[in-house]
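*Asks:* My structure file entry-v7.cif, mmCIF, C-alpha atoms, is below:
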```
data_coords
loop_
_atom_site.label_atom_id
_atom_site.label_comp_id
_atom_site.auth_asym_id
_atom_site.auth_seq_id
_atom_site.Cartn_x
_atom_site.Cartn_y
_atom_site.Cartn_z
CA MET A 604 34.56 -67.38 -57.92
CA PRO A 605 35.70 -67.25 -54.25
CA ARG A 606 33.58 -64.15 -53.76
CA LYS A 607 30.49 -65.86 -55.12
CA SER A 608 31.15 -68.89 -52.98
CA LEU A 609 31.53 -66.73 -49.85
CA LEU A 610 28.31 -64.81 -50.58
CA HIS A 611 26.47 -68.03 -51.21
CA ARG A 612 27.64 -69.45 -47.89
CA PHE A 613 26.57 -66.27 -46.08
CA ARG A 614 23.09 -66.49 -47.57
CA LEU A 615 22.81 -70.06 -46.38
CA LEU A 616 23.72 -69.01 -42.82
CA ASP A 617 20.51 -68.94 -40.75
CA ALA A 618 19.64 -69.66 -37.14
CA TYR A 619 16.38 -71.26 -38.22
CA ALA A 620 15.92 -73.86 -40.87
CA LYS A 621 14.15 -72.56 -43.96
CA PRO A 622 11.39 -74.55 -45.63
CA LEU A 623 11.83 -75.72 -49.16
CA ASP A 624 10.99 -73.33 -51.97
CA ASP A 625 8.34 -75.77 -53.24
CA ILE A 626 6.18 -75.37 -50.13
CA ARG A 627 6.73 -71.63 -49.51
CA VAL A 628 3.94 -69.24 -50.56
CA ARG A 629 4.83 -65.59 -51.12
CA THR A 630 1.94 -63.11 -50.80
CA ALA A 631 1.64 -59.29 -50.85
CA SER A 632 0.02 -59.28 -47.40
CA GLY A 633 2.96 -61.14 -45.97
CA ALA A 634 5.34 -58.61 -47.48
CA TYR A 635 3.35 -55.74 -45.93
CA VAL A 636 3.45 -57.40 -42.51
CA THR A 637 7.20 -57.89 -42.79
CA LEU A 638 7.77 -54.30 -43.90
CA ILE A 639 5.57 -52.78 -41.17
CA SER A 640 7.16 -54.98 -38.51
CA GLY A 641 10.63 -53.87 -39.62
CA ILE A 642 9.66 -50.20 -39.46
CA ILE A 643 8.15 -50.62 -35.97
CA ILE A 644 11.28 -52.40 -34.75
CA LEU A 645 13.49 -49.64 -36.17
CA VAL A 646 11.42 -46.83 -34.57
CA LEU A 647 11.36 -48.56 -31.18
CA SER A 648 15.08 -49.16 -31.33
CA LEU A 649 15.81 -45.49 -32.12
CA TYR A 650 13.46 -44.36 -29.34
CA GLU A 651 15.16 -46.56 -26.76
CA ILE A 652 18.59 -45.32 -27.84
CA SER A 653 17.40 -41.70 -27.58
CA GLN A 654 15.96 -42.32 -24.09
CA TYR A 655 19.20 -43.94 -23.00
CA LEU A 656 21.26 -40.94 -24.19
CA THR A 657 18.90 -38.29 -22.69
CA PRO A 658 19.97 -37.08 -19.20
CA GLU A 659 17.28 -36.99 -16.53
CA MET A 660 16.97 -34.77 -13.47
CA HIS A 661 16.45 -36.78 -10.28
CA PRO A 662 15.15 -34.88 -7.23
CA GLU A 663 16.74 -35.53 -3.86
CA ILE A 664 15.91 -34.12 -0.43
CA ILE A 665 18.88 -32.90 1.58
CA VAL A 666 19.37 -30.72 4.66
CA ASP A 667 19.77 -27.04 3.83
CA SER A 668 23.33 -26.04 4.68
CA GLY A 669 22.42 -22.36 4.94
CA THR A 670 25.40 -21.28 2.83
CA MET A 671 23.35 -18.56 1.10
CA THR A 672 23.05 -15.58 3.42
CA LYS A 673 21.10 -13.42 0.96
CA MET A 674 17.99 -14.25 -1.03
CA PRO A 675 17.01 -12.36 -4.20
CA ILE A 676 13.31 -11.60 -4.75
CA THR A 677 12.13 -10.68 -8.25
CA PHE A 678 8.61 -9.35 -8.79
CA ASN A 679 6.42 -7.58 -11.32
CA ILE A 680 3.00 -6.47 -10.04
CA THR A 681 0.38 -4.09 -11.44
CA PHE A 682 -2.16 -2.17 -9.36
CA PRO A 683 -4.59 -0.75 -11.97
CA HIS A 684 -6.59 1.38 -9.52
CA LEU A 685 -3.86 2.78 -7.28
CA PRO A 686 -1.57 5.71 -8.23
CA CYS A 687 2.17 5.37 -7.72
CA TYR A 688 2.48 8.32 -5.34
CA MET A 689 0.34 6.44 -2.83
CA LEU A 690 2.00 3.00 -3.12
CA SER A 691 4.50 1.97 -0.46
CA LEU A 692 6.64 -1.18 -0.15
CA ASP A 693 7.93 -2.22 3.27
CA LEU A 694 9.89 -5.21 4.55
CA MET A 695 9.53 -6.56 8.09
CA ASP A 696 11.06 -9.47 9.95
CA GLU A 697 9.23 -12.04 12.06
CA SER A 698 9.31 -9.84 15.17
CA GLY A 699 7.63 -6.95 13.33
CA ASP A 700 10.72 -4.76 13.08
CA HIS A 701 11.17 -2.78 9.91
CA ILE A 702 14.05 -4.19 7.79
CA MET A 703 16.40 -1.50 6.54
CA ASP A 704 19.58 -3.33 5.44
CA TYR A 705 18.58 -4.58 2.00
CA ASP A 706 19.54 -3.78 -1.57
CA HIS A 707 16.96 -3.08 -4.21
CA ASP A 708 16.54 -2.16 -7.85
CA VAL A 709 12.85 -1.30 -8.07
CA PHE A 710 10.98 0.79 -10.63
CA LYS A 711 7.55 2.41 -10.46
CA VAL A 712 5.65 2.91 -13.72
CA ARG A 713 2.70 5.30 -13.85
CA LEU A 714 -0.17 3.91 -15.94
CA ASP A 715 -3.20 5.69 -17.36
CA GLU A 716 -6.75 4.38 -17.15
CA HIS A 717 -6.11 2.04 -20.10
CA GLY A 718 -2.87 0.61 -18.71
CA THR A 719 -0.59 2.61 -21.02
CA GLU A 720 2.74 3.69 -19.59
CA ILE A 721 3.01 7.38 -18.67
CA LEU A 722 6.30 7.59 -16.80
CA ARG A 723 8.90 5.10 -15.58
CA GLU A 724 11.26 6.02 -12.77
CA LYS A 725 13.49 4.22 -10.31
CA ALA A 726 12.22 4.28 -6.74
CA THR A 727 14.96 5.68 -4.53
CA GLU A 728 12.86 5.00 -1.43
CA LEU A 729 10.36 2.15 -1.33
CA SER A 730 8.40 3.52 1.62
CA ASN A 731 6.04 6.34 0.75
CA LYS A 732 7.68 9.61 1.84
CA MET A 733 4.92 12.05 0.86
CA ASP A 734 3.72 14.25 3.67
CA PRO A 735 0.19 13.11 4.57
CA THR A 736 -0.93 16.69 5.18
CA HIS A 737 -0.03 17.54 1.61
CA VAL A 738 -1.81 14.47 0.30
CA VAL A 739 -4.97 15.23 2.26
CA ALA A 740 -4.99 18.78 1.00
CA ALA A 741 -4.42 17.57 -2.55
CA ASN A 742 -7.59 15.53 -2.54
CA ASN A 743 -9.79 18.32 -1.20
CA GLU A 744 -10.85 21.42 -3.08
CA VAL A 745 -9.42 24.65 -1.69
CA SER A 746 -11.84 27.20 -0.31
CA GLN A 747 -12.51 30.53 -1.98
CA GLU A 748 -10.73 32.29 0.87
CA TYR A 749 -7.57 30.25 0.31
CA CYS A 750 -4.40 32.32 -0.07
CA GLY A 751 -1.39 30.24 -0.99
CA PRO A 752 2.12 31.30 0.02
CA CYS A 753 4.63 32.56 -2.53
CA TYR A 754 7.55 31.25 -0.45
CA GLY A 755 9.32 34.60 -0.14
CA ALA A 756 8.88 35.76 -3.72
CA LYS A 757 6.78 38.79 -4.74
CA ARG A 758 4.49 38.91 -7.75
CA ASN A 759 4.83 41.87 -10.15
CA ASP A 760 1.06 42.19 -10.49
CA GLY A 761 0.77 43.18 -6.85
CA GLN A 762 -1.08 40.04 -5.76
CA GLU A 763 0.05 38.61 -2.45
CA CYS A 764 -1.30 35.08 -2.96
CA CYS A 765 0.08 32.26 -5.10
CA ASN A 766 -2.82 29.83 -5.40
CA THR A 767 -1.39 27.68 -8.17
CA CYS A 768 1.96 26.15 -8.98
CA ASP A 769 2.26 28.47 -12.01
CA ASP A 770 1.75 31.48 -9.71
CA VAL A 771 4.73 30.37 -7.62
CA ARG A 772 6.84 29.78 -10.74
CA ARG A 773 6.02 33.23 -12.13
CA ALA A 774 6.75 34.90 -8.77
CA TYR A 775 10.17 33.27 -8.63
CA ALA A 776 10.83 34.17 -12.26
CA ASP A 777 9.88 37.80 -11.62
CA ASP A 778 12.39 37.99 -8.78
CA GLY A 779 15.03 36.11 -10.78
CA TRP A 780 15.18 33.32 -8.23
CA ARG A 781 15.75 29.67 -8.82
CA LEU A 782 12.64 27.59 -8.17
CA PRO A 783 13.08 25.14 -5.25
CA ASP A 784 12.11 21.48 -5.28
CA GLU A 785 8.46 21.38 -6.36
CA SER A 786 7.81 18.45 -4.02
CA GLN A 787 8.15 20.99 -1.19
CA ILE A 788 5.69 23.47 -2.72
CA GLU A 789 2.13 22.93 -1.52
CA GLN A 790 0.42 24.10 -4.72
CA CYS A 791 2.61 21.93 -7.01
CA VAL A 792 2.07 18.88 -4.83
CA ARG A 793 -1.70 19.39 -4.85
CA GLU A 794 -1.92 19.79 -8.62
CA ASN A 795 0.40 16.87 -9.34
CA VAL A 796 -1.42 14.50 -7.02
CA SER A 797 -4.89 15.50 -8.22
CA SER A 798 -3.86 14.73 -11.81
CA GLN A 799 -2.88 11.18 -10.82
CA THR A 800 -6.04 10.13 -8.97
CA LYS A 801 -7.28 7.94 -11.85
CA GLU A 802 -3.93 6.40 -12.63
CA GLY A 803 -2.61 2.92 -11.92
CA CYS A 804 0.86 1.74 -11.02
CA ASN A 805 3.19 -1.05 -12.03
CA ILE A 806 6.02 -1.82 -9.64
CA HIS A 807 8.76 -4.22 -10.64
CA GLY A 808 12.37 -5.03 -9.89
CA HIS A 809 14.29 -7.11 -7.40
CA LEU A 810 15.23 -7.06 -3.74
CA MET A 811 18.20 -8.68 -2.00
CA VAL A 812 17.23 -9.58 1.56
CA SER A 813 18.62 -11.66 4.40
CA ARG A 814 17.31 -15.19 4.80
CA VAL A 815 15.06 -14.68 7.79
CA ARG A 816 11.35 -15.21 8.29
CA GLY A 817 9.36 -12.10 7.58
CA ASN A 818 7.06 -10.39 5.12
CA PHE A 819 7.03 -7.67 2.53
CA HIS A 820 3.83 -5.79 1.91
CA PHE A 821 2.40 -3.17 -0.41
CA SER A 822 0.29 -0.61 1.38
CA PRO A 823 -1.05 2.93 0.85
CA GLY A 824 0.14 6.17 2.38
CA LYS A 825 3.17 7.29 4.31
CA SER A 826 4.67 4.76 6.72
CA PHE A 827 6.19 5.69 10.07
CA ALA A 828 6.89 4.24 13.50
CA TYR A 829 4.64 5.17 16.41
CA GLY A 830 4.78 3.64 19.87
CA GLY A 831 7.03 0.85 18.67
CA ALA A 832 4.57 -0.13 15.92
CA HIS A 833 4.84 0.19 12.14
CA ILE A 834 1.77 2.08 10.88
CA HIS A 835 0.54 3.82 7.73
CA ASP A 836 -1.54 6.94 7.23
CA VAL A 837 -4.43 5.60 5.08
CA ARG A 838 -6.78 8.58 5.39
CA THR A 839 -6.16 9.75 1.84
CA TYR A 840 -6.45 6.25 0.41
CA LEU A 841 -9.84 5.63 1.99
CA ALA A 842 -11.14 9.08 1.05
CA ALA A 843 -10.12 8.72 -2.60
CA HIS A 844 -11.90 5.32 -3.08
CA HIS A 845 -8.93 3.51 -4.58
CA ASP A 846 -8.55 -0.26 -4.23
CA PHE A 847 -5.78 -2.84 -4.07
CA SER A 848 -6.94 -5.17 -6.83
CA HIS A 849 -3.77 -6.43 -8.49
CA GLU A 850 -2.21 -8.66 -11.11
CA ILE A 851 0.98 -10.55 -10.31
CA HIS A 852 2.90 -11.02 -13.53
CA SER A 853 5.77 -12.74 -11.74
CA LEU A 854 7.00 -13.39 -8.21
CA GLN A 855 10.16 -15.44 -7.97
CA PHE A 856 12.81 -16.18 -5.38
CA GLY A 857 16.42 -16.89 -6.24
CA GLU A 858 18.12 -17.29 -9.60
CA GLN A 859 15.71 -18.49 -12.30
CA SER A 860 18.11 -19.17 -15.20
CA TYR A 861 17.99 -22.90 -14.53
CA GLN A 862 17.54 -23.69 -18.25
CA GLN A 863 20.80 -21.98 -19.18
CA PHE A 864 23.30 -24.67 -18.16
CA LYS A 865 21.37 -27.86 -18.92
CA GLN A 866 22.07 -29.95 -21.99
CA LYS A 867 19.64 -29.69 -24.88
CA ARG A 868 18.22 -33.18 -24.41
CA THR A 869 17.89 -32.92 -20.62
CA GLU A 870 14.32 -33.32 -19.43
CA MET A 871 13.72 -30.92 -16.57
CA VAL A 872 10.62 -29.96 -14.61
CA LYS A 873 10.01 -26.21 -14.37
CA LEU A 874 10.48 -24.53 -11.02
CA THR A 875 7.26 -23.92 -9.11
CA ASN A 876 6.35 -20.22 -8.93
CA ALA A 877 2.72 -20.53 -7.98
CA LEU A 878 1.76 -16.84 -8.22
CA ASP A 879 3.05 -16.10 -11.73
CA ASN A 880 0.31 -14.69 -14.00
CA THR A 881 -2.41 -14.52 -11.35
CA ALA A 882 -4.91 -11.75 -10.53
CA TRP A 883 -7.00 -11.05 -7.45
CA GLY A 884 -9.04 -8.22 -6.00
CA THR A 885 -12.32 -6.32 -5.78
CA SER A 886 -13.30 -2.66 -5.89
CA GLN A 887 -13.62 -2.44 -2.09
CA PRO A 888 -10.88 -0.21 -0.64
CA SER A 889 -10.84 -1.78 2.85
CA ILE A 890 -9.67 -5.26 1.78
CA MET A 891 -6.39 -6.72 3.01
CA TYR A 892 -5.04 -9.41 0.67
CA GLN A 893 -2.71 -11.89 2.33
CA TYR A 894 -0.45 -14.50 0.74
CA PHE A 895 1.27 -17.11 2.92
CA LEU A 896 4.30 -18.57 1.19
CA LYS A 897 6.32 -21.68 2.04
CA ILE A 898 9.70 -21.20 0.40
CA VAL A 899 11.90 -24.25 -0.24
CA PRO A 900 15.61 -23.88 -1.14
CA SER A 901 16.52 -25.84 -4.28
CA GLN A 902 19.92 -26.78 -5.62
CA ILE A 903 20.44 -27.95 -9.21
CA ASP A 904 23.63 -29.84 -10.07
CA TYR A 905 24.41 -30.14 -13.79
CA LEU A 906 26.49 -32.75 -15.59
CA ASN A 907 29.00 -30.07 -16.63
CA GLY A 908 29.77 -29.33 -12.96
CA LYS A 909 27.72 -26.15 -12.65
CA THR A 910 25.57 -25.65 -9.53
CA LEU A 911 22.57 -23.33 -9.25
CA HIS A 912 21.05 -22.28 -5.93
CA THR A 913 17.44 -21.15 -6.19
CA TYR A 914 14.04 -21.42 -4.48
CA GLN A 915 10.54 -22.73 -5.09
CA TYR A 916 7.40 -21.98 -3.10
CA SER A 917 3.84 -22.99 -2.44
CA VAL A 918 1.15 -20.49 -1.45
CA SER A 919 -2.17 -20.14 0.32
CA ARG A 920 -4.14 -16.91 0.47
CA GLN A 921 -6.97 -15.14 2.22
CA GLU A 922 -8.68 -11.77 2.21
CA ARG A 923 -10.05 -9.71 5.09
CA ASP A 924 -12.52 -6.87 4.91
CA LEU A 925 -11.24 -4.54 7.63
CA ALA A 926 -14.51 -2.62 7.61
CA GLN A 927 -16.34 -5.74 8.89
CA GLN A 928 -13.66 -7.67 10.79
CA SER A 929 -11.97 -6.21 13.82
CA GLY A 930 -8.30 -6.75 14.57
CA ASN A 931 -4.94 -5.48 13.39
CA GLY A 932 -4.27 -4.88 9.74
CA LEU A 933 -4.36 -2.29 7.03
CA PRO A 934 -5.58 -2.26 3.42
CA GLY A 935 -3.01 -3.59 1.05
CA MET A 936 -1.29 -6.74 -0.12
#
```
What do you get writing this file as structure tokens?

*Replies:*
Amino acid sequence: MPRKSLLHRFRLLDAYAKPLDDIRVRTASGAYVTLISGIIILVLSLYEISQYLTPEMHPEIIVDSGTMTKMPITFNITFPHLPCYMLSLDLMDESGDHIMDYDHDVFKVRLDEHGTEILREKATELSNKMDPTHVVAANNEVSQEYCGPCYGAKRNDGQECCNTCDDVRRAYADDGWRLPDESQIEQCVRENVSSQTKEGCNIHGHLMVSRVRGNFHFSPGKSFAYGGAHIHDVRTYLAAHHDFSHEIHSLQFGEQSYQQFKQKRTEMVKLTNALDNTAWGTSQPSIMYQYFLKIVPSQIDYLNGKTLHTYQYSVSRQERDLAQQSGNGLPGM
């Protein structure tokens, strides 16, 4: 009995006075309105609770302290109409001096005409080291009077000339000598280069450079210093009718694992890497493609105490046809 009395009193408890049962009209439409209103109130309440419990990232502009002395650069770029043996990567500071003190982990991938991988190898030197005289010879047919050297070996068939790489190999085998580095043998260089003329190249990896203003550029041919200037031998590139059309799969600065430390419900804007998944270029070999990047240091502080230092950038670009416009420059990117 006390329980029934208590329940009855609770049912009578109401902030608003109820009308008498004799004048109340119960309808199905009224029940639907009540039910729908209850569901809407419940959904809105759950949404507000979820929004309240979800962390948000708030951007804030601060002065760069300059605590990071090195900046990692990660890139993945494909040149479909330029063979790997001709591609060179150089870094220069604002004054035009060639930067040498940097770490890198860069790979060159030879691609066939259809973009299929042929060979992947780590680039020990990013600047093109191939002798331009060898490259020029490799792209020209040898004359009928040509007599290639056997590099000290003697052929058993009495011939004095070694006009092919196989001739040199056989001459060394006949004498029981060990074959030297084929990159130093004129015939082997010529045959290897001529077989790659229709290939493309993918270059990817990362660089660790000092935080100074400068540029890094992809260009054809061997690079060397002359008269205090950094120049490239582009004779072979222009004669072979290659071009620097390219596809940038990714170009990023700094650590990009910013999603790793955030909470699952944290709403976070993606870092701006404006050149990811972009392509540019024509079939003209004399074009210089230029990208001007404004790099902004970014620091992400997480609720768990972790801190991530990274970078974002904006970009503008232009192209110059060096065959029509005078001035300094060389084909490349």

*Asks:* Using the chain letters and numbers from the file, give me the residues hit by the PyMOL selection byres ((chain A and resi 846) around 6), as a list in words.

*Replies:*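 On this input, the PyMOL selection byres ((chain A and resi 846) around 6) captures His684, His845, Phe847, Ser848, Ser886, Gln887 and Pro888 of chain A.
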
*Asks:* Write out as a ChimeraX atom specification each polymer residue whose atoms come within 7 Å of Glu802 of chain A, counting all atoms listed in the file; drop sequence neighbours fewer than 2 positions from it.

*Replies:* /A:684-686,713-716,799-800,804

*Asks:* Anything within 12 Å of (-6.6, -4.5, 0.5): list those residues as a PDB file with C-alpha atoms, keeping the file's coordinate frame, counting all atoms listed in the file and sticking to the file's coordinates.

*Replies:*
```pdb
ATOM      1  CA  PHE A 682      -2.160  -2.170  -9.360  1.00  0.00           C
ATOM      2  CA  HIS A 684      -6.590   1.380  -9.520  1.00  0.00           C
ATOM      3  CA  LEU A 685      -3.860   2.780  -7.280  1.00  0.00           C
ATOM      4  CA  LEU A 690       2.000   3.000  -3.120  1.00  0.00           C
ATOM      5  CA  HIS A 820       3.830  -5.790   1.910  1.00  0.00           C
ATOM      6  CA  PHE A 821       2.400  -3.170  -0.410  1.00  0.00           C
ATOM      7  CA  SER A 822       0.290  -0.610   1.380  1.00  0.00           C
ATOM      8  CA  PRO A 823      -1.050   2.930   0.850  1.00  0.00           C
ATOM      9  CA  VAL A 837      -4.430   5.600   5.080  1.00  0.00           C
ATOM     10  CA  TYR A 840      -6.450   6.250   0.410  1.00  0.00           C
ATOM     11  CA  LEU A 841      -9.840   5.630   1.990  1.00  0.00           C
ATOM     12  CA  HIS A 844     -11.900   5.320  -3.080  1.00  0.00           C
ATOM     13  CA  HIS A 845      -8.930   3.510  -4.580  1.00  0.00           C
ATOM     14  CA  ASP A 846      -8.550  -0.260  -4.230  1.00  0.00           C
ATOM     15  CA  PHE A 847      -5.780  -2.840  -4.070  1.00  0.00           C
ATOM     16  CA  SER A 848      -6.940  -5.170  -6.830  1.00  0.00           C
ATOM     17  CA  HIS A 849      -3.770  -6.430  -8.490  1.00  0.00           C
ATOM     18  CA  TRP A 883      -7.000 -11.050  -7.450  1.00  0.00           C
ATOM     19  CA  GLY A 884      -9.040  -8.220  -6.000  1.00  0.00           C
ATOM     20  CA  THR A 885     -12.320  -6.320  -5.780  1.00  0.00           C
ATOM     21  CA  SER A 886     -13.300  -2.660  -5.890  1.00  0.00           C
ATOM     22  CA  GLN A 887     -13.620  -2.440  -2.090  1.00  0.00           C
ATOM     23  CA  PRO A 888     -10.880  -0.210  -0.640  1.00  0.00           C
ATOM     24  CA  SER A 889     -10.840  -1.780   2.850  1.00  0.00           C
ATOM     25  CA  ILE A 890      -9.670  -5.260   1.780  1.00  0.00           C
ATOM     26  CA  MET A 891      -6.390  -6.720   3.010  1.00  0.00           C
ATOM     27  CA  TYR A 892      -5.040  -9.410   0.670  1.00  0.00           C
ATOM     28  CA  GLN A 893      -2.710 -11.890   2.330  1.00  0.00           C
ATOM     29  CA  TYR A 894      -0.450 -14.500   0.740  1.00  0.00           C
ATOM     30  CA  GLN A 921      -6.970 -15.140   2.220  1.00  0.00           C
ATOM     31  CA  GLU A 922      -8.680 -11.770   2.210  1.00  0.00           C
ATOM     32  CA  ARG A 923     -10.050  -9.710   5.090  1.00  0.00           C
ATOM     33  CA  ASP A 924     -12.520  -6.870   4.910  1.00  0.00           C
ATOM     34  CA  LEU A 925     -11.240  -4.540   7.630  1.00  0.00           C
ATOM     35  CA  ALA A 926     -14.510  -2.620   7.610  1.00  0.00           C
ATOM     36  CA  GLY A 932      -4.270  -4.880   9.740  1.00  0.00           C
ATOM     37  CA  LEU A 933      -4.360  -2.290   7.030  1.00  0.00           C
ATOM     38  CA  PRO A 934      -5.580  -2.260   3.420  1.00  0.00           C
ATOM     39  CA  GLY A 935      -3.010  -3.590   1.050  1.00  0.00           C
ATOM     40  CA  MET A 936      -1.290  -6.740  -0.120  1.00  0.00           C
TER      41      MET A 936
END
```

*Asks:* Could you check how far atom CA of Ala756 of chain A sits from atom CA of Cys791 of chain A, in Å to one decimal?

*Replies:*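 A separation of 15.5 Å between them.
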
*Asks:* Suppose you want the space between atom CA of Glu850 of chain A and atom CA of Leu810 of chain A; what is it in Å?

*Replies:* 19.0 Å
